[in-house]
Structures are given as C-alpha cells and as structure tokens.
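Engineer: First the structure, then my questions, so here it is.
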Amino acid sequence: MDLGISGRRAIVCASSKGLGRACAEALLAEGVRVVINGRDPERLARTAEELRVNFRPEVIAVVADVTTSDGRNALLAACPDPDILVNNNAGPEPGPFSAIDEDDWLEALAANMVAPLQLVRAVLPAMIARKFGRIVNITSAMVTTPRTNMALSSGPRAGLTAALKGLSFELAPHNVTINNLLPERFDTDRQLQMANVAMAAQKIDFDEARRRQVASIAAKRLGRPEEFGATCAFVCSAYSGYLSGQNIHLDGGTYPALI
C-alpha cells in the first residue's frame with residue numbers, strides 16, 4: 001500500500017536504535033526523507049550508514065540531545081519545516097516513588113514533556129501553512145495504566161498527552177494531526193534494561209525475567225519493532241487525516257480497559 005507520503009520530510013527523535021529506528025525505517029521505506037537523531041555519535045553513524053545502504057542516501061544524521069534547546073535547534077537546522085515529527089526519548093529508570101527527588105522530576109519533565117512540546121511548537125507554523133502535518137509521540141503504556149514504580153514515565157508523558165490533546169482540536173481543520181503510540185514490551189534494549197531491573201528486584205535470573213515479560217503480554221510474545229514502525233508510518237500517512245488526538249496501544253492486546 002502506497003501511504004502517499006513519498007517525498008515528505010520527517011524528524012524522528014532518538015532514532016539510532018529501538019522503536020525510534022523502527023519508525024525511521026518504516027518512513028524511509030515509504031520514500032520519506034528522514035532526519036535521524038541520537039546522542040552517541042558512533043552508534044548514530046552506524047545506523048545512518050545501514051539506513052543509507054538499505055533504503056536511500058538522503059538520510060541526515062544529527063548528533064543531539066533533544067532535552068536541550070541546543071539539541072532541538074540542531075534538529076530544526078537540519079530540517080526547519082518537517083511534514084512529520086516523531087517525538088521520542090529514552091524512558092526513565094523505574095524505581096519507588098519515595099526515592100524520586102525534585103531533580104529527578106525536573107529531568108523527567110524536561111525529557112518527556114517539555115522537549116516534545118517545544119519541538120511541536122517549532123514545527124507547527126509550516127505544517128499549518130501547507131495544510132499537512134503529522135505529529136506522533138512515542139509515549140508509554142504507563143500513560144493509561146500507571147504503576148507506582150514508573151511514576152517518572154507516566155507523569156510527564158500523561159502531561160504531554162493532555163497538553164497535546166487540547167491542541168489537537170485547534171489543528172484538525174488544518175490537516176495537522178497529533179497522535180500517541182503507547183508501546184508495551186517490544187523486543188528492544190529497553191526490555192533488556194527492564195529485565196535487569198527485575199533480576200535485581202526479584203532475585204531471579206535473566207531467563208526468568210524474560211519469561212515473565214512474555215507472560216505479562218496477552219499475545220504471549222514480545223512485540224517486534226517493525227510492527228511498531230509500520231503503525232507509525234500509517235499514522236503519518238496521507239490516509240490518517242481523520243485520526244487525531246488518539247492514544248494507540250501497541251501491546252499485544254494487553255490493555256485491560258474498554259476505552
């Protein structure tokens with residue numbers, strides 16, 4: 001299926017690996033010109049080279065920390081008026097609520113609420129002017145199913161969701177959409193990190209930690225990054241203009257609520 005976005009321009013944040021990379025790959029496969037991003041120069045360079053070989057040579061790689069104004073400015077300098085913005089950032093470390101201090105909250109808010117809001121603010125004028133824009137936020141299942149040990153994830157990301165839900169009404173008449181992808185248990189480095197946390201907290205070995213991860217998903221398997229990327233590409237497509245302000249769960253059927 002041709003998604004109707006060949007030749008469009010995209011910024012995909014935190015895309016040197018994991019779900020961000022999967023989104024970049026899916027957009028590249030549709031003919032989108034993509035700016036990828038990461039903080040590790042060596043990893044980003046490897047990713048860019050692999051993407052150029054497998055997809056197209058126009059991949060632009062920007063070493064930047066999107067939680068900083070300098071980092072965001074570097075991304076926008078590489079692509080001042082993207083048609084597509086995929087907000088993404090590393091998830092915070094899980095831990096007990098009692099251990100979270102003020103600096104932890106400020107860091108999490110900067111990374112997972114303020115940074116994406118500032119990028120959205122920067123790209124909106126051009127999107128509105130051209131009557132096309134697709135904003136996708138990679139958040140977390142913790143937004144709708146919070147857990148006490150994931151407060152640093154659920155809090156800022158829920159705030160982002162609320163702020164952009166309100167904005168989505170204003171943008172809909174301009175064919176500019178805002179949607180959120182809520183992953184749960186995809187087979188990426190994040191789940192390896194979470195397995196290591198579980199090993200320490202629950203006194204179990206790695207195989208048992210992974211078994212429990214799989215058991216927690218209704219589909220009884222971890223998600224594949226390419227499944228996530230394909231969903232992102234459709235949400236960014238020419239056919240998704242009637243879809244906005246939504247939380248889309250990608251969790252193997254695990255979300256327990258009706259709405």
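Convention: chains lettered A, B, ... in structure tokens order; per-chain residue numbering from 1; ligands numbered from 1 as shown.
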Write out as a tab-separated table a residue-level contact list of segment 134-171 of chain A versus segment 86-103 of chain A with cut-off 12 Å: for each qualifying residue the closest pair of atoms and the distance in Å to one decimal, counting only C-alpha atoms, rows sorted by chain and residue number upward.

Structural biologist:
residue	atom	partner	partner_atom	distance
A:Arg134	CA	A:Val86	CA	8.2
A:Ile135	CA	A:Val86	CA	6.0
A:Val136	CA	A:Val86	CA	4.7
A:Asn137	CA	A:Asn87	CA	4.7
A:Ile138	CA	A:Asn88	CA	5.3
A:Thr139	CA	A:Asn88	CA	7.3
A:Ser140	CA	A:Gly91	CA	8.7
A:Ala141	CA	A:Gly91	CA	11.7
A:Met142	CA	A:Gly91	CA	10.9
A:Pro146	CA	A:Pro94	CA	11.9
A:Arg147	CA	A:Pro94	CA	9.6
A:Thr148	CA	A:Phe97	CA	6.3
A:Asn149	CA	A:Gly95	CA	4.7
A:Met150	CA	A:Pro94	CA	5.1
A:Ala151	CA	A:Phe97	CA	6.8
A:Leu152	CA	A:Pro92	CA	6.3
A:Ser153	CA	A:Pro92	CA	6.1
A:Ser154	CA	A:Pro92	CA	9.9
A:Gly155	CA	A:Pro92	CA	11.1
A:Pro156	CA	A:Pro92	CA	10.4
A:Arg157	CA	A:Gly91	CA	10.0
A:Leu160	CA	A:Asn87	CA	10.8
A:Thr161	CA	A:Asn87	CA	11.9

Engineer: Those selected residues, please, written with C-alpha atoms and delivered as a tab-separated table (two decimals), in the first residue's frame.

Structural biologist:
chain	number	residue	atom	x	y	z
A	134	ARG	CA	1.70	14.55	11.25
A	135	ILE	CA	2.92	14.63	14.86
A	136	VAL	CA	3.45	11.28	16.57
A	137	ASN	CA	4.54	10.95	20.17
A	138	ILE	CA	6.04	7.67	21.34
A	139	THR	CA	4.90	7.60	24.95
A	140	SER	CA	4.19	4.51	27.05
A	141	ALA	CA	1.50	2.14	28.21
A	142	MET	CA	2.17	3.72	31.62
A	146	PRO	CA	0.25	3.80	35.61
A	147	ARG	CA	2.39	1.84	38.05
A	148	THR	CA	3.95	3.30	41.17
A	149	ASN	CA	7.48	2.31	40.16
A	150	MET	CA	7.05	4.04	36.78
A	151	ALA	CA	5.87	7.45	38.01
A	152	LEU	CA	8.74	9.24	36.27
A	153	SER	CA	7.45	7.83	33.00
A	154	SER	CA	3.70	8.07	33.47
A	155	GLY	CA	3.61	11.56	35.00
A	156	PRO	CA	5.45	13.63	32.36
A	157	ARG	CA	4.06	11.60	29.46
A	160	LEU	CA	2.32	15.70	27.35
A	161	THR	CA	-0.74	13.71	26.29

Engineer: Based on DSSP run over this structure's backbone, return all residues of segment 3-219 of chain A in strand (DSSP E or B), as a ChimeraX atom specification.

Structural biologist: /A:9-12,33-38,60-63,84-87,133-138,176-183,186

Engineer: Choose the residue, out of A:Phe228, A:Phe206, A:Phe234, A:Tyr239, that has the smallest atom-to-atom separation from Leu19 of chain A; count only C-alpha atoms.

Structural biologist: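 Closest to Leu19 of chain A of all the choices is A:Phe228.
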
Engineer: List every residue of segment 6-254 of chain A that DSSP, applied to the backbone of this structure, assigns to alpha helix (DSSP H), and report them as number ranges by chain.

Structural biologist: A: 18-29, 41-54, 69-78, 102-109, 115-130, 151-171, 189-202, 206-215, 225-235

Engineer: Could you take the residues named above and write them with C-alpha atoms, as a CSV table (one decimal), in the first residue's frame?

Structural biologist:
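Written file, selection-v2.csv:
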chain,number,residue,atom,x,y,z
A,18,GLY,CA,14.9,0.7,19.2
A,19,LEU,CA,11.5,1.9,18.4
A,20,GLY,CA,12.7,5.3,17.0
A,21,ARG,CA,14.9,3.5,14.5
A,22,ALA,CA,11.9,1.2,13.5
A,23,CYS,CA,9.8,4.3,12.8
A,24,ALA,CA,12.6,5.9,10.7
A,25,GLU,CA,13.0,2.7,8.7
A,26,ALA,CA,9.3,2.4,8.0
A,27,LEU,CA,9.1,6.1,6.9
A,28,LEU,CA,12.2,5.6,4.7
A,29,ALA,CA,10.6,2.6,3.1
A,41,PRO,CA,28.0,9.7,17.6
A,42,GLU,CA,29.4,6.2,16.8
A,43,ARG,CA,26.0,4.4,17.1
A,44,LEU,CA,24.3,7.1,15.1
A,45,ALA,CA,26.9,6.9,12.4
A,46,ARG,CA,26.5,3.1,12.1
A,47,THR,CA,22.7,3.5,12.0
A,48,ALA,CA,22.9,6.2,9.3
A,49,GLU,CA,25.2,4.1,7.1
A,50,GLU,CA,22.9,1.0,7.4
A,51,LEU,CA,19.9,3.0,6.6
A,52,ARG,CA,21.6,4.6,3.6
A,53,VAL,CA,22.5,1.2,2.2
A,54,ASN,CA,19.1,-0.4,2.8
A,69,SER,CA,17.5,23.8,23.4
A,70,ASP,CA,20.8,23.4,21.5
A,71,GLY,CA,19.9,19.8,20.6
A,72,ARG,CA,16.4,20.8,19.4
A,73,ASN,CA,17.9,23.7,17.4
A,74,ALA,CA,20.3,21.3,15.7
A,75,LEU,CA,17.5,19.1,14.6
A,76,LEU,CA,15.5,22.0,13.3
A,77,ALA,CA,18.5,23.4,11.5
A,78,ALA,CA,18.8,20.1,9.6
A,102,GLU,CA,13.0,17.2,42.8
A,103,ASP,CA,15.9,16.9,40.4
A,104,ASP,CA,14.6,13.6,39.1
A,105,TRP,CA,11.2,15.1,38.4
A,106,LEU,CA,12.7,18.1,36.6
A,107,GLU,CA,14.9,15.9,34.5
A,108,ALA,CA,12.0,13.6,33.6
A,109,LEU,CA,9.7,16.5,32.7
A,115,ALA,CA,11.2,18.7,24.9
A,116,PRO,CA,8.5,17.3,22.7
A,117,LEU,CA,6.2,20.3,23.4
A,118,GLN,CA,8.9,22.7,22.3
A,119,LEU,CA,9.5,20.7,19.1
A,120,VAL,CA,5.8,20.7,18.3
A,121,ARG,CA,5.6,24.4,18.9
A,122,ALA,CA,8.5,25.0,16.5
A,123,VAL,CA,7.2,22.9,13.6
A,124,LEU,CA,3.5,23.9,13.7
A,125,PRO,CA,3.6,27.1,11.6
A,126,ALA,CA,4.9,25.4,8.5
A,127,MET,CA,2.6,22.5,8.9
A,128,ILE,CA,-0.5,24.7,9.2
A,129,ALA,CA,0.6,26.8,6.2
A,130,ARG,CA,1.0,23.8,3.9
A,151,ALA,CA,5.9,7.4,38.0
A,152,LEU,CA,8.7,9.2,36.3
A,153,SER,CA,7.5,7.8,33.0
A,154,SER,CA,3.7,8.1,33.5
A,155,GLY,CA,3.6,11.6,35.0
A,156,PRO,CA,5.4,13.6,32.4
A,157,ARG,CA,4.1,11.6,29.5
A,158,ALA,CA,0.5,11.9,30.7
A,159,GLY,CA,1.1,15.7,30.9
A,160,LEU,CA,2.3,15.7,27.3
A,161,THR,CA,-0.7,13.7,26.3
A,162,ALA,CA,-3.1,16.1,28.0
A,163,ALA,CA,-1.5,19.3,26.6
A,164,LEU,CA,-1.4,18.0,23.0
A,165,LYS,CA,-5.0,16.6,23.2
A,166,GLY,CA,-6.2,20.1,23.7
A,167,LEU,CA,-4.1,21.3,20.9
A,168,SER,CA,-5.3,18.6,18.5
A,169,PHE,CA,-8.8,20.3,18.3
A,170,GLU,CA,-7.2,23.5,17.1
A,171,LEU,CA,-5.1,21.8,14.4
A,189,ASP,CA,17.1,-2.6,24.6
A,190,ARG,CA,14.5,-1.1,26.9
A,191,GLN,CA,13.1,-4.5,27.7
A,192,LEU,CA,16.7,-5.8,28.4
A,193,GLN,CA,17.1,-2.9,30.8
A,194,MET,CA,13.8,-3.8,32.5
A,195,ALA,CA,14.8,-7.4,32.7
A,196,ASN,CA,17.9,-6.4,34.5
A,197,VAL,CA,15.9,-4.3,36.9
A,198,ALA,CA,13.6,-7.3,37.6
A,199,MET,CA,16.5,-9.6,38.2
A,200,ALA,CA,17.9,-7.3,40.9
A,201,ALA,CA,14.5,-6.6,42.5
A,202,GLN,CA,13.0,-10.1,42.3
A,206,PHE,CA,17.7,-13.4,33.1
A,207,ASP,CA,15.7,-16.2,31.5
A,208,GLU,CA,13.1,-16.0,34.2
A,209,ALA,CA,12.9,-12.2,33.9
A,210,ARG,CA,12.3,-12.6,30.1
A,211,ARG,CA,9.7,-15.3,30.7
A,212,ARG,CA,7.8,-13.0,33.0
A,213,GLN,CA,7.9,-10.2,30.4
A,214,VAL,CA,6.4,-12.5,27.8
A,215,ALA,CA,3.8,-13.9,30.2
A,225,PRO,CA,10.0,-3.2,16.4
A,226,GLU,CA,8.9,-3.4,12.7
A,227,GLU,CA,5.3,-3.8,13.8
A,228,PHE,CA,5.6,-0.6,15.7
A,229,GLY,CA,7.3,1.2,12.8
A,230,ALA,CA,4.6,0.1,10.4
A,231,THR,CA,1.9,1.6,12.7
A,232,CYS,CA,3.8,4.8,12.9
A,233,ALA,CA,4.1,5.1,9.2
A,234,PHE,CA,0.3,4.7,8.7
A,235,VAL,CA,-0.4,7.3,11.4

Engineer: Which residue, A:Ser237, A:Thr144, A:Thr177, A:Thr68, has the smallest gap to Met1 of chain A when you use only C-alpha atoms?

Structural biologist: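 That would be A:Ser237, the residue with the smallest distance to Met1 of chain A.
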
Engineer: Choose the residue, out of A:Ser244, A:Val12, A:Ile259, A:Asp81, that has the smallest atom-to-atom separation from Val62 of chain A; count only C-alpha atoms.

Structural biologist: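 Result for the nearest residue to Val62 of chain A: A:Val12.
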
Engineer: Name the closest residue to Asp187 of chain A among the candidates A:Ala61, A:Leu222, A:Val143, A:Cys13; distances are taken between atoms, counting only C-alpha atoms.

Structural biologist: A:Leu222
